[in-house]
file upload.txt (compact mmCIF, C-alpha atoms)
# COMPACT_ATOMS: atom_id res chain seq x y z
CA MET A 3 0.00 0.00 0.00
CA SER A 4 1.41 3.39 -1.02
CA VAL A 5 1.59 6.39 1.30
CA SER A 6 -1.23 8.14 -0.61
CA ASP A 7 -3.41 4.98 -0.43
CA ALA A 8 -2.79 4.79 3.30
CA GLN A 9 -3.66 8.47 3.72
CA SER A 10 -6.85 7.98 1.71
CA THR A 11 -7.83 4.97 3.86
CA GLN A 12 -7.13 6.93 7.00
CA SER A 13 -9.25 9.87 5.88
CA VAL A 14 -12.16 7.56 5.01
CA LEU A 15 -11.91 5.83 8.38
CA LEU A 16 -11.74 9.17 10.20
CA ALA A 17 -14.73 10.47 8.24
CA VAL A 18 -16.78 7.41 9.24
CA ALA A 19 -15.64 7.73 12.86
CA ASP A 20 -16.53 11.43 12.84
CA TYR A 21 -20.05 10.70 11.56
CA LEU A 22 -20.63 7.79 13.94
CA GLY A 23 -19.23 9.83 16.84
CA LYS A 24 -21.92 12.48 16.60
CA PRO A 25 -24.84 12.10 19.02
CA GLN A 26 -27.34 9.55 17.75
CA ARG A 27 -30.99 10.46 17.45
CA PHE A 28 -33.58 7.95 18.59
CA LEU A 29 -36.97 7.91 16.88
CA THR A 30 -39.81 5.45 16.95
CA VAL A 31 -40.54 3.82 13.60
CA ALA A 32 -43.94 5.56 13.63
CA ASP A 33 -42.38 9.03 14.19
CA ALA A 34 -39.72 8.42 11.53
CA ARG A 35 -42.41 7.41 9.06
CA ALA A 36 -44.59 10.39 9.94
CA GLU A 37 -41.65 12.78 9.53
CA LEU A 38 -39.61 11.07 6.86
CA LYS A 39 -38.14 14.26 5.40
CA ARG A 40 -36.91 15.43 8.81
CA THR A 41 -35.59 11.94 9.58
CA LEU A 42 -33.51 12.01 6.39
CA GLU A 43 -32.22 15.49 7.25
CA LEU A 44 -31.17 14.20 10.66
CA ALA A 45 -29.47 11.18 9.07
CA SER A 46 -27.38 13.47 6.86
CA GLN A 47 -25.78 14.80 10.07
CA SER A 48 -25.60 11.68 12.25
CA SER A 49 -27.05 8.20 12.49
CA VAL A 50 -30.71 7.85 13.42
CA VAL A 51 -31.73 4.82 15.47
CA LEU A 52 -35.25 3.55 14.90
CA THR A 53 -36.93 1.92 17.87
CA THR A 54 -39.72 -0.59 18.08
CA ASN A 55 -41.40 -1.01 21.48
CA GLY A 56 -38.59 1.07 22.97
CA ALA A 57 -35.79 -1.16 21.67
CA PRO A 58 -33.37 -0.21 18.84
CA SER A 59 -34.37 -2.15 15.74
CA ALA A 60 -32.63 -0.41 12.83
CA ALA A 61 -30.48 2.57 11.97
CA ILE A 62 -30.50 5.07 9.14
CA VAL A 63 -27.15 6.40 7.98
CA SER A 64 -26.37 8.69 5.07
CA PHE A 65 -25.61 6.94 1.79
CA GLU A 66 -22.13 8.48 1.72
CA THR A 67 -21.41 7.01 5.13
CA LEU A 68 -22.64 3.59 4.04
CA GLU A 69 -20.35 3.72 1.00
CA ALA A 70 -17.43 4.93 3.12
CA MET A 71 -18.01 2.06 5.55
CA ARG A 72 -18.11 -0.38 2.65
CA ASN A 73 -14.91 1.15 1.30
CA ALA A 74 -13.23 0.78 4.69
CA LEU A 75 -14.37 -2.86 4.83
CA MET A 76 -12.90 -3.44 1.36
CA GLN A 77 -9.58 -1.91 2.42
CA MET A 78 -9.46 -4.27 5.38
CA LEU A 79 -10.40 -7.33 3.30
CA VAL A 80 -7.72 -6.52 0.70
CA ARG A 81 -5.14 -6.13 3.47
CA GLU A 82 -6.19 -9.54 4.85
CA MET A 83 -5.86 -11.03 1.35
CA GLU A 84 -2.32 -9.67 1.06
CA GLN A 85 -1.46 -11.04 4.48
CA SER A 86 -2.91 -14.43 3.62
CA PHE A 87 -0.93 -14.56 0.38
CA HIS A 88 2.20 -13.57 2.25
CA LEU A 89 1.70 -16.53 4.61
CA THR A 90 1.92 -18.94 1.67
CA LEU A 91 5.59 -17.95 1.38
CA ALA A 92 6.27 -19.71 4.67
CA GLN A 93 4.36 -22.74 3.42
CA VAL A 94 6.52 -22.88 0.26
CA ALA A 95 9.65 -22.64 2.42
CA SER A 96 8.48 -25.57 4.55
CA GLU A 97 7.74 -27.70 1.48
CA PRO A 98 10.84 -27.21 -0.68
CA GLY A 99 10.96 -28.28 -4.28
CA GLY A 100 8.44 -27.58 -6.93
CA GLU A 101 8.79 -28.41 -10.57
CA PRO A 102 9.99 -25.60 -12.83
CA THR A 103 6.97 -24.47 -14.79
CA SER A 104 6.36 -21.86 -17.46
CA GLU A 105 3.60 -19.29 -17.08
CA ALA A 106 1.83 -20.77 -20.13
CA GLU A 107 1.90 -24.24 -18.58
CA LEU A 108 0.43 -22.91 -15.34
CA GLU A 109 -2.34 -21.14 -17.21
CA SER A 110 -3.12 -24.31 -19.09
CA LEU A 111 -3.28 -26.33 -15.85
CA VAL A 112 -5.63 -23.79 -14.25
CA ARG A 113 -7.83 -23.82 -17.33
CA GLU A 114 -7.90 -27.62 -17.29
CA SER A 115 -8.85 -27.60 -13.58
CA VAL A 116 -11.74 -25.18 -14.15
CA ARG A 117 -13.04 -27.14 -17.14
CA LYS A 118 -12.74 -30.49 -15.37
CA SER A 119 -14.58 -29.23 -12.29
CA ARG A 120 -17.40 -27.93 -14.51
CA ARG A 121 -17.69 -31.22 -16.37
CA LYS A 122 -17.83 -33.08 -13.06
CA THR A 123 -20.67 -30.88 -11.79
CA ASN A 124 -22.62 -31.01 -15.04
CA LYS A 125 -22.44 -34.82 -15.40
CA PRO A 126 -25.91 -36.35 -15.91
CA GLY A 127 -27.26 -37.62 -12.60
CA LYS A 128 -25.16 -35.17 -10.57
CA PRO A 129 -26.86 -32.23 -8.93
CA GLY A 130 -26.65 -29.29 -11.33
CA LYS A 131 -25.29 -25.91 -10.53
CA PRO A 132 -27.69 -23.40 -8.96
CA LYS A 133 -29.91 -21.55 -11.37
CA SER A 134 -30.04 -17.96 -10.31
CA ALA A 135 -31.30 -16.42 -13.53
CA ARG A 136 -34.60 -14.64 -13.19
CA THR A 137 -37.35 -14.91 -15.72
CA SER A 138 -38.30 -11.23 -15.72
CA ARG A 139 -36.43 -8.35 -17.27
CA ARG A 140 -34.88 -5.73 -15.00
CA MET B 3 -20.44 13.48 6.39
CA PRO B 4 -17.27 15.42 5.60
CA ASP B 5 -15.95 15.51 2.03
CA GLN B 6 -13.17 12.94 2.55
CA PHE B 7 -15.26 10.35 0.74
CA SER B 8 -17.24 11.12 -2.36
CA THR B 9 -19.24 8.68 -4.44
CA PRO B 10 -18.48 8.94 -8.18
CA ALA B 11 -21.25 9.22 -10.75
CA SER B 12 -22.32 5.81 -12.03
CA ASP B 13 -20.83 6.47 -15.50
CA GLU B 14 -17.42 7.04 -13.87
CA ILE B 15 -17.41 3.53 -12.39
CA VAL B 16 -15.58 0.90 -14.45
CA ARG B 17 -17.69 -2.25 -14.26
CA VAL B 18 -15.87 -5.48 -14.95
CA VAL B 19 -16.68 -9.20 -15.09
CA VAL B 20 -13.71 -11.49 -14.45
CA ASP B 21 -13.61 -15.12 -15.54
CA ALA B 22 -12.70 -17.94 -13.15
CA GLN B 23 -9.27 -18.54 -14.63
CA ILE B 24 -8.09 -14.98 -13.97
CA ALA B 25 -9.76 -14.78 -10.55
CA LEU B 26 -8.17 -18.05 -9.41
CA SER B 27 -4.71 -17.31 -10.86
CA MET B 28 -4.33 -14.46 -8.36
CA PHE B 29 -4.19 -16.93 -5.49
CA LEU B 30 -1.46 -19.22 -6.80
CA ARG B 31 1.97 -19.10 -5.16
CA ARG B 32 4.54 -20.74 -7.42
CA ARG B 33 6.75 -23.29 -5.71
CA ASP B 34 9.58 -22.85 -8.22
CA GLN B 35 9.57 -19.03 -7.92
CA PRO B 36 8.06 -18.20 -4.51
CA GLY B 37 8.78 -14.50 -4.90
CA ALA B 38 6.86 -14.21 -8.16
CA VAL B 39 3.49 -12.48 -7.82
CA SER B 40 0.87 -12.62 -10.54
CA PRO B 41 0.37 -9.16 -12.10
CA LYS B 42 -3.34 -10.01 -12.06
CA ARG B 43 -3.33 -9.31 -8.32
CA ALA B 44 -3.46 -5.63 -9.29
CA LEU B 45 -7.23 -6.21 -9.56
CA LEU B 46 -7.40 -6.93 -5.82
CA GLY B 47 -5.89 -3.52 -5.09
CA LEU B 48 -8.71 -1.94 -7.08
CA LEU B 49 -11.50 -3.49 -5.00
CA PRO B 50 -11.72 -0.57 -2.53
CA SER B 51 -11.74 2.00 -5.32
CA PRO B 52 -15.13 3.70 -5.69
CA ARG B 53 -14.33 3.89 -9.43
CA PHE B 54 -14.02 0.13 -9.91
CA ARG B 55 -16.68 -2.54 -9.57
CA TRP B 56 -16.08 -6.30 -9.97
CA LEU B 57 -19.50 -7.67 -10.91
CA TRP B 58 -20.75 -11.04 -9.78
CA ALA B 59 -23.79 -13.30 -9.87
CA PRO B 60 -24.43 -16.36 -7.68
CA ASP B 61 -23.60 -18.73 -10.55
CA ILE B 62 -20.27 -16.96 -11.07
CA ILE B 63 -19.37 -17.37 -7.40
CA ALA B 64 -20.38 -21.05 -7.73
CA ASP B 65 -18.11 -21.37 -10.79
CA TYR B 66 -15.20 -19.73 -8.93
CA GLU B 67 -15.72 -22.16 -6.04
CA ARG B 68 -15.89 -25.16 -8.35
CA GLY B 69 -12.71 -23.97 -10.05
CA ALA B 70 -10.97 -23.60 -6.69
CA ALA B 71 -11.90 -27.18 -5.79
CA GLY B 72 -10.70 -28.26 -9.24
CA ILE B 73 -7.31 -26.62 -8.62
CA GLU B 74 -6.95 -28.25 -5.21
CA ASN B 75 -7.77 -31.65 -6.72
CA ASN B 76 -5.32 -31.25 -9.60
CA GLN B 77 -2.21 -32.92 -8.23
CA LYS B 78 -0.08 -31.96 -11.20
CA LEU B 79 -0.88 -28.30 -10.54
CA MET B 80 -0.57 -28.57 -6.78
CA ARG B 81 2.97 -29.93 -7.18
CA ARG B 82 3.79 -26.59 -8.83
CA VAL B 83 1.80 -24.11 -6.76
CA ILE B 84 0.18 -23.45 -3.41
CA PHE B 85 -3.41 -22.27 -3.63
CA ASP B 86 -4.20 -19.51 -1.13
CA ARG B 87 -7.65 -20.76 -0.15
CA ALA B 88 -8.04 -18.26 2.72
CA GLY B 89 -7.27 -15.33 0.43
CA PHE B 90 -9.68 -16.67 -2.17
CA THR B 91 -12.45 -16.94 0.45
CA LEU B 92 -11.78 -13.32 1.44
CA LEU B 93 -12.16 -12.30 -2.20
CA LEU B 94 -15.57 -13.97 -2.39
CA GLY B 95 -16.55 -12.08 0.77
CA ALA B 96 -15.32 -8.80 -0.67
CA LEU B 97 -17.24 -9.28 -3.92
CA GLN B 98 -20.41 -10.03 -2.00
CA ALA B 99 -20.13 -6.74 -0.12
CA TYR B 100 -21.91 -5.38 -3.20
CA PRO B 101 -25.25 -6.74 -4.39
CA PRO B 102 -25.21 -9.32 -7.22
CA VAL B 103 -26.19 -8.66 -10.81
CA GLU B 104 -29.65 -10.05 -11.46
CA VAL B 105 -29.09 -12.10 -14.59
CA THR B 106 -32.29 -12.61 -16.53
CA ALA B 107 -33.23 -15.87 -18.21
CA THR B 108 -33.81 -13.88 -21.41
CA THR B 109 -30.22 -12.62 -21.51
CA LEU B 110 -28.83 -16.01 -20.59
CA ARG B 111 -30.80 -17.68 -23.39
CA ALA B 112 -29.63 -15.08 -25.91
CA VAL B 113 -26.00 -15.57 -24.87
CA ARG B 114 -26.29 -19.34 -25.09
CA ARG B 115 -27.72 -19.00 -28.59
CA ARG B 116 -24.84 -16.71 -29.54
CA ILE B 117 -22.34 -19.19 -28.16
CA ALA B 118 -24.00 -22.01 -30.08
CA GLN B 119 -23.70 -19.96 -33.29
CA ALA B 120 -20.06 -19.03 -32.73
CA ALA B 121 -17.57 -20.15 -35.33
CA ARG B 122 -15.99 -22.65 -32.99
CA ALA B 123 -19.22 -23.55 -31.21
CA ARG B 124 -18.11 -27.12 -30.55
CA ASP B 125 -15.17 -25.87 -28.55
CA LEU B 126 -17.15 -23.37 -26.49
CA ASP B 127 -18.22 -24.14 -22.97
CA PRO B 128 -21.88 -23.36 -22.22
CA ASP B 129 -20.86 -22.52 -18.64
CA ASP B 130 -19.12 -19.42 -20.03
CA ALA B 131 -22.54 -17.98 -20.82
CA ILE B 132 -23.13 -16.79 -17.26
CA TYR B 133 -20.10 -14.49 -17.47
CA VAL B 134 -21.32 -12.86 -20.66
CA ALA B 135 -24.92 -12.61 -19.39
CA CYS B 136 -23.73 -11.07 -16.10
CA ALA B 137 -21.72 -8.52 -18.07
CA VAL B 138 -24.72 -7.62 -20.25
CA ASP B 139 -27.26 -7.35 -17.42
CA GLY B 140 -24.76 -5.61 -15.14
CA ASP B 141 -23.99 -2.95 -17.79
CA ALA B 142 -20.33 -3.96 -17.64
CA HIS B 143 -17.76 -2.09 -19.68
CA LEU B 144 -15.42 -5.06 -19.80
CA LEU B 145 -15.47 -8.81 -19.62
CA THR B 146 -12.00 -10.17 -19.08
CA SER B 147 -11.10 -13.72 -19.83
CA GLN B 148 -7.95 -15.74 -20.23
CA ASP B 149 -10.03 -18.33 -21.97
CA SER B 150 -9.48 -18.33 -25.72
CA ASP B 151 -12.96 -19.83 -26.21
CA LEU B 152 -14.70 -16.81 -24.70
CA LEU B 153 -12.44 -14.50 -26.63
CA HIS B 154 -13.65 -16.22 -29.83
CA LEU B 155 -17.03 -14.56 -29.26
CA GLY B 156 -15.49 -11.41 -30.68
CA ASP B 157 -14.19 -8.09 -29.37
CA GLU B 158 -17.58 -6.93 -28.20
CA TYR B 159 -20.98 -8.34 -27.28
CA GLU B 160 -24.01 -6.12 -26.63
CA GLY B 161 -21.74 -3.17 -25.80
CA VAL B 162 -19.45 -5.18 -23.51
CA LYS B 163 -15.80 -5.27 -24.55
CA ILE B 164 -14.34 -8.77 -24.31
CA VAL B 165 -10.64 -8.56 -23.53
CA ASP B 166 -7.84 -10.77 -22.30
CA TRP B 167 -5.74 -9.83 -19.27
CA THR B 168 -3.43 -7.57 -21.29
CA GLY B 169 -6.42 -5.80 -22.80
CA LEU B 170 -7.94 -5.27 -19.37
CA ARG B 171 -4.71 -3.90 -17.96
CA ASP B 172 -4.46 -1.45 -20.88
CA GLU B 173 -8.08 -0.35 -20.38
CA LEU B 174 -7.54 0.18 -16.66
CA ARG B 175 -4.37 2.13 -17.39
CA SER B 176 -6.14 4.35 -19.89
CA ARG B 177 -8.75 5.12 -17.22
CA GLY B 178 -6.04 5.92 -14.69
CA LEU B 179 -6.94 3.04 -12.38
CA VAL B 180 -3.59 1.24 -12.54
CA SER B 181 -0.13 2.61 -13.27
call {"tool": "encode", "arguments": {"input": "upload.txt", "output": "structure tokens"}}
result
Amino acid sequence: MSVSDAQSTQSVLLAVADYLGKPQRFLTVADARAELKRTLELASQSSVVLTTNGAPSAAIVSFETLEAMRNALMQMLVREMEQSFHLTLAQVASEPGGEPTSEAELESLVRESVRKSRRKTNKPGKPGKPKSARTSRR
Amino acid sequence: MPDQFSTPASDEIVRVVVDAQIALSMFLRRRDQPGAVSPKRALLGLLPSPRFRWLWAPDIIADYERGAAGIENNQKLMRRVIFDRAGFTLLLGALQAYPPVEVTATTLRAVRRRIAQAARARDLDPDDAIYVACAVDGDAHLLTSQDSDLLHLGDEYEGVKIVDWTGLRDELRSRGLVS
């Protein structure tokens, strides 16, 4: 991660912390519904907690905050991915050897693995892959 | 919310579909050259960017997972590489932090027909159709594939550019996303 990336991550995290650190407003679901415009105005400043029977049940945050939180989550997941990949170095060191292989050969082996796994799943009599396609247009 | 984080307009977001071969290659550590890192991992660094979106559909995640299992069961390959399963699982989690593309049966049927009509139809894999359909229904700019079969569909399908890894890298460079 470059210095500018790190600074950008830090500013996003600080922006989220700043927003979340402002006093929360508590509103009943009924009040929030009755005054939706005001509720959204409040949420642009700080999070609004919706209560049902006196207990917090949901929160409204500004869209920008939601995206910033998602961005911060992504930064953390990418860092974890890098760390995980780094750990495989130790695994390679503990299992010395490895046949010299060209990049083209590796690509071909990956392709073969993907194709073979698809054929295995699509064999008649085997459970098919999930069908997620919807029948209606967007 | 202070201005530190701004959401770009939707037309400023580069929307990409990535085939299983490229996605999985990022998680291979070569045993013969442990220090070598696949240049394709640059895509992982783009995940937090508000200007980049890696599109997915449930069937694509299922295909990635099947491919991962295929790699782990391929002894010839596993003698040459270590597959970073934990990192791969984190990628699937990161992708699913955004909602999936809702692929319609209509698009999927049209893509399958197109694949069946392709010049080398006998060589094409019908399972590739989900990638193309996801790209079409997700308004993707780019579909990237290392698979020559998919690339045989042509340079473009329904407004989606079909490119190999080099083509994707060039596109991302031209949009200032990678150096």
call {"tool": "closest_residue", "arguments": {"input": "upload.txt", "among": "A:Thr41, A:Ser104, A:Gln47, A:Thr53", "to": "chain B", "atoms": "only C-alpha atoms"}}
result
A:Gln47
call {"tool": "interface_residues", "arguments": {"input": "upload.txt", "of": "chain A", "to": "chain B", "cutoff": "7 Å", "atoms": "all atoms listed in the file", "output": "VMD selection string"}}
result
chain A and resid 13 to 14 17 21 46 to 47 66 to 67 70 73 76 to 77 79 to 80 83 86 to 87 90 to 91 94 99 to 102 111 to 113 115 to 116 118 to 120 132 to 139
call {"tool": "residues_near_point", "arguments": {"input": "upload.txt", "point": "(-24.2, -5.0, -23.3)", "cutoff": "8 Å", "atoms": "only C-alpha atoms", "output": "PyMOL selection string"}}
result
chain B and resi 137-139+141-143+159-162
call {"tool": "write_last_selection", "arguments": {"input": "upload.txt", "atoms": "C-alpha atoms", "output": "short mmCIF file (atom, residue, chain, number, x, y, z; two decimals), in the frame of the given file"}}
result
data_model
loop_
_atom_site.label_atom_id
_atom_site.label_comp_id
_atom_site.auth_asym_id
_atom_site.auth_seq_id
_atom_site.Cartn_x
_atom_site.Cartn_y
_atom_site.Cartn_z
CA ALA B 137 -21.72 -8.52 -18.07
CA VAL B 138 -24.72 -7.62 -20.25
CA ASP B 139 -27.26 -7.35 -17.42
CA ASP B 141 -23.99 -2.95 -17.79
CA ALA B 142 -20.33 -3.96 -17.64
CA HIS B 143 -17.76 -2.09 -19.68
CA TYR B 159 -20.98 -8.34 -27.28
CA GLU B 160 -24.01 -6.12 -26.63
CA GLY B 161 -21.74 -3.17 -25.80
CA VAL B 162 -19.45 -5.18 -23.51
#
call {"tool": "atom_distance", "arguments": {"input": "upload.txt", "atom1": "CA of Val19 (chain B)", "atom2": "CA of Ile63 (chain B)"}}
result
11.5 Å
call {"tool": "atom_distance", "arguments": {"input": "upload.txt", "atom1": "CA of Asp13 (chain B)", "atom2": "CA of Leu144 (chain B)"}}
result
13.4 Å
call {"tool": "residues_around", "arguments": {"input": "upload.txt", "residues": "Ser147 (chain B)", "least_positions_apart": "4", "cutoff": "12 Å", "atoms": "all atoms listed in the file", "output": "number ranges by chain"}}
result
A: 109, 113; B: 18-27, 42, 130, 133-134, 137, 151-157, 163-171
call {"tool": "closest_residue", "arguments": {"input": "upload.txt", "among": "B:Ser181, B:Gln77, B:Glu158, B:Ala131", "to": "Glu114 (chain A)", "atoms": "only C-alpha atoms"}}
result
B:Gln77
call {"tool": "atom_distance", "arguments": {"input": "upload.txt", "atom1": "CA of Lys39 (chain A)", "atom2": "CA of Ala60 (chain A)"}}
result
17.3 Å
call {"tool": "closest_residue", "arguments": {"input": "upload.txt", "among": "A:Leu68, A:Gln12, A:Glu105, A:Glu84", "to": "Ala44 (chain B)", "atoms": "only C-alpha atoms"}}
result
A:Glu84
call {"tool": "residues_around", "arguments": {"input": "upload.txt", "residues": "Lys24 (chain A)", "least_positions_apart": "4", "cutoff": "9 Å", "atoms": "only C-alpha atoms", "output": "PDB file with C-alpha atoms, in the frame of the given file"}}
result
ATOM      1  CA  ALA A  19     -15.640   7.730  12.860  1.00  0.00           C
ATOM      2  CA  ASP A  20     -16.530  11.430  12.840  1.00  0.00           C
ATOM      3  CA  GLN A  47     -25.780  14.800  10.070  1.00  0.00           C
ATOM      4  CA  SER A  48     -25.600  11.680  12.250  1.00  0.00           C
ATOM      5  CA  SER A  49     -27.050   8.200  12.490  1.00  0.00           C
TER       6      SER A  49
END
call {"tool": "closest_residue", "arguments": {"input": "upload.txt", "among": "A:Leu22, A:Pro98, A:Arg27, A:Thr11", "to": "Arg81 (chain A)", "atoms": "all atoms listed in the file"}}
result
A:Thr11
call {"tool": "decode", "arguments": {"input": "upload.txt", "residues": "region 78-129 of chain A", "atoms": "C-alpha atoms", "output": "compact mmCIF listing (two decimals), in the first residue's frame"}}
result
# COMPACT_ATOMS: atom_id res chain seq x y z
CA MET A 78 -9.46 -4.27 5.38
CA LEU A 79 -10.40 -7.33 3.30
CA VAL A 80 -7.72 -6.52 0.70
CA ARG A 81 -5.14 -6.13 3.47
CA GLU A 82 -6.19 -9.54 4.85
CA MET A 83 -5.86 -11.03 1.35
CA GLU A 84 -2.32 -9.67 1.06
CA GLN A 85 -1.46 -11.04 4.48
CA SER A 86 -2.91 -14.43 3.62
CA PHE A 87 -0.93 -14.56 0.38
CA HIS A 88 2.20 -13.57 2.25
CA LEU A 89 1.70 -16.53 4.61
CA THR A 90 1.92 -18.94 1.67
CA LEU A 91 5.59 -17.95 1.38
CA ALA A 92 6.27 -19.71 4.67
CA GLN A 93 4.36 -22.74 3.42
CA VAL A 94 6.52 -22.88 0.26
CA ALA A 95 9.65 -22.64 2.42
CA SER A 96 8.48 -25.57 4.55
CA GLU A 97 7.74 -27.70 1.48
CA PRO A 98 10.84 -27.21 -0.68
CA GLY A 99 10.96 -28.28 -4.28
CA GLY A 100 8.44 -27.58 -6.93
CA GLU A 101 8.79 -28.41 -10.57
CA PRO A 102 9.99 -25.60 -12.83
CA THR A 103 6.97 -24.47 -14.79
CA SER A 104 6.36 -21.86 -17.46
CA GLU A 105 3.60 -19.29 -17.08
CA ALA A 106 1.83 -20.77 -20.13
CA GLU A 107 1.90 -24.24 -18.58
CA LEU A 108 0.43 -22.91 -15.34
CA GLU A 109 -2.34 -21.14 -17.21
CA SER A 110 -3.12 -24.31 -19.09
CA LEU A 111 -3.28 -26.33 -15.85
CA VAL A 112 -5.63 -23.79 -14.25
CA ARG A 113 -7.83 -23.82 -17.33
CA GLU A 114 -7.90 -27.62 -17.29
CA SER A 115 -8.85 -27.60 -13.58
CA VAL A 116 -11.74 -25.18 -14.15
CA ARG A 117 -13.04 -27.14 -17.14
CA LYS A 118 -12.74 -30.49 -15.37
CA SER A 119 -14.58 -29.23 -12.29
CA ARG A 120 -17.40 -27.93 -14.51
CA ARG A 121 -17.69 -31.22 -16.37
CA LYS A 122 -17.83 -33.08 -13.06
CA THR A 123 -20.67 -30.88 -11.79
CA ASN A 124 -22.62 -31.01 -15.04
CA LYS A 125 -22.44 -34.82 -15.40
CA PRO A 126 -25.91 -36.35 -15.91
CA GLY A 127 -27.26 -37.62 -12.60
CA LYS A 128 -25.16 -35.17 -10.57
CA PRO A 129 -26.86 -32.23 -8.93
